Amino acid sequence: MRVARRWMAVFMGLAWTGLVWGQQPSTSPSKEQAAAKTAVSRTVNPATTHEMKVTSNGLPVPFATVMNTNTGQAAVANAEGVVAVPLWGLNDTLKIQSMGYEVVKVVPGPTPLRTVELPPATFEIEEVVVQSNAVAAGAMTMASVSSVDRLVAKTPVLTVETTGELLEGSGQVHLQMSQQGGISPVLRGFEANRVLLVVDGVRMNNAIYRSGHVQNAGTVDPFAIAQTQVVMGPSSVMYGSDALGGVVHFVTRRPEFSHGGFDVNGKVLGQGSTVHGGWAGHAHVMWKAPRWGAVTNVSHRSFGDLRMGSWRAHGDSSWGRVPWLVERLEGRDSLVANPDSDVQVPTGYSQWDLQQRLRARIPSGYVDVNVQHSTTSNVPRFDVTNDVAGGTRKWAEWSYGPQERTMVAATASRSVRGQAVWTTMASYQAISESRIKRRFGQDWRTTQLEHVDVWGLNSVLRGQRREVSWEAGLDGQWNGVTSTASSLNLETGAVAADWTRYADGGSTMLTWGGFGSASRSWGKHTGRWGARYSHAAVHSTFLDTTWLDLPVREFNQSKGAVTGSASWSAKWTSQFQTLTSLASGFRHPNVDDLGKVREKNGFVLVPNDDLTPEYLYTAEQGLTWSLRPNSDVLVLQASVFGSLWRDAIVQANASLAGDTVLVVDGDTARIQMNQNLDRAVVHGGRIEWSGRLWPKTTFRAVMNWTQGRGLDEDATPLSHIPPTFGVVEFARKGSMTRWSTSVRYALNKAAEDYGPGTTDNLQEALPDGTPAWATWNVEGSMRVTDKLEVRLSGMNLLDLHYRTFGSGISAPGRNFRATLSARF
């Protein structure tokens, strides 16, 4: 049935594309085009402006920005790409840009300039864009309305194996890892279901995202990504629930059109790494025609068991080492010696990623169909291998089963009377994940399986009227959660039912919302503001009473949330800019908060349908200073923020139907519930120096710090708060070669600064906490021919042993990686 639903969604998307694609474009000017020309003529003064059209592959680029770099004057195109540009001098330079396209600079002189062609951005996983929530664009539209482009930090990336390496390379995103296949980004001290993941405008966060650590970012193919956009700070106005710490938006390659005829090009790539003995292969093909384009991506990655570093600068000779392995010999679990205790066994896994994307022209717009599928082998959960119970190993097996993600998204975008662009996206996702566990010395292996169906629809209208850029939209998602569990006896083959992770009668979550935002410029000042209302309803039904007999079997919750944001940016001089913002974010309680019953260490967590959304209120001040006007010789970017976290959802003692204890599988356990209890403050900042030492040599240095405490008498430290971390990097780019050398670092995290409970994994650190660390890395690439490129990397060259804060697995030791790619 699930397979049928997936293929039904695929066929629906393809059918919709075929219907719209079949429309023949009009050869005569449309009403929308006529309206666009009329709208432009109303605002153009021929004596002081010049009309120009911005296009790409024959299609208009709506709301592209044209700036005169000498005078600072700027203009924004309308929905048809037509812009009224202030007249320029003979030596002036025009910079034309739009998100998703290469920046074009022209010196037109006295020559009339009627059309400017923007080539689509060809990042080739070369870029991670980190930006403030005050200048970020919407999830679907991906169009920047900010003229403060220096507040957007762009980071080149040479070689990657996972999406985690893409994020880590920015120097502004901390990663938590519990296993080699686990990537949990931390933004400003928030993680998991308090950070929103997005791929190609579709929310990845679903109803069972938990508050601890999640691994779902690893289900996106790093070789298919064109750009990774990281939005720091509360972003709920544009993105909705969960965007407290920020947003990580993965943007894959999009299809292109040809100017005439049919064209096919592509790339094949092979990669090998020494630190785990694994390899990766990738191929993509781009099909281009005048009226349609398509992209096909296929990737396979295989990771062996991960080796840790051997240089133990922290002074502990045993931390992280794996002296013993579990093997089942003649029907019995046994401990056998690990021939190399620096190899973390078991950590190996493999993954397939497939994507097919198709885009077709329609009158005044396009239709895009995006199909993605990702699946893994079992992913061993390494952080539990050292758990002890009764004086011996607790677990003989603990793995996440195959993590599968299927997505189908169909998008239609077109101009409306030349005044606005209307974009609508319908999406379907099928997510399956499982937990496979067996206690040491026992024959029964338990498998808990979760399947989530997610249907989504959002529609956004954005436009420009005089000096005001605006955007408004509606969005909604429905999540259906099916949770099953079974146990298998390895000796007899018997199968029995077991305790499910979520409500065995099923759970649903429905969210919907509406939002609007606008921006206006007054000379060198720009104001932005926006608001959103969102509503969520969660329902869970518990049926089986074998392990736990709840006095209440059905739980329902329905709550709304209001959020808003405002910012002000100013360009005080040609060298100094500032950005001030106030923003709020929220997170609706989901099925993991409401529909999960779990017993651990004598406590049993039961649902609470009185939960309300948690809120984050943030004030931020940013600045950018450059040594010379319009120059990157030396640039300073800095920002500080302070946040109030209200009604934070935490686990605490409670009662259910008058009872404070429940009998769980024959044992008495104290009842606890998720409750809105905590208030806390989080504050921090970032400073980045970047510059150009020589014409082809650049440098950057980034440092991030975050602190968080509860507003209780003890000022309890918050979980997920990383120590100060950053990167220092030098890079050189020639005509045929590129190379960079960097030092990534983090300061120590003292044990007394860890959050309560086990979220921060203090048991996986040293008794004093997590030691400071720094790694030296060198990367380089060379174009052998126009079609052939070689990339070489040496990571953690000093072979340092370390663990990043909160992680349950040691970081990779010295790693040499080789990548060979060929274009055709």
# chains A, B, ... in the order shown; residues from 1 in each chain; ligands from 1

call {"tool": "residues_around", "arguments": {"residues": "Gly530 (chain A)", "least_positions_apart": "2", "cutoff": "8 Å", "atoms": "only C-alpha atoms", "output": "number ranges by chain"}}
result
A: 237, 515-518, 528, 532, 564-566

call {"tool": "residues_around", "arguments": {"residues": "region 264-272 of chain A", "least_positions_apart": "6", "cutoff": "10 Å", "atoms": "only C-alpha atoms", "output": "PyMOL selection string"}}
result
chain A and resi 159-161+223+258+278-289+293-303+787-792+816-824

call {"tool": "atom_distance", "arguments": {"atom1": "CA of Leu166 (chain A)", "atom2": "CA of Arg744 (chain A)"}}
result
13.6 Å

call {"tool": "closest_residue", "arguments": {"among": "A:Thr612, A:Asn370, A:Thr274, A:Thr376", "to": "Ala410 (chain A)", "atoms": "only C-alpha atoms"}}
result
A:Asn370

call {"tool": "residues_around", "arguments": {"residues": "Leu488 (chain A)", "least_positions_apart": "6", "cutoff": "10 Å", "atoms": "only C-alpha atoms", "output": "count of residues only"}}
result
11

call {"tool": "residues_around", "arguments": {"residues": "Pro346 (chain A)", "least_positions_apart": "4", "cutoff": "9 Å", "atoms": "only C-alpha atoms", "output": "ChimeraX atom specification"}}
result
/A:304-306,325,379-382,385

call {"tool": "residues_around", "arguments": {"residues": "region 536-552 of chain A", "least_positions_apart": "3", "cutoff": "8 Å", "atoms": "only C-alpha atoms", "output": "JSON, numbers by chain"}}
result
{"A": [499, 503, 504, 505, 506, 507, 508, 509, 510, 511, 512, 555, 556, 557, 558, 559, 560, 588, 590, 591, 594, 595, 656, 657, 662, 663, 664, 665]}
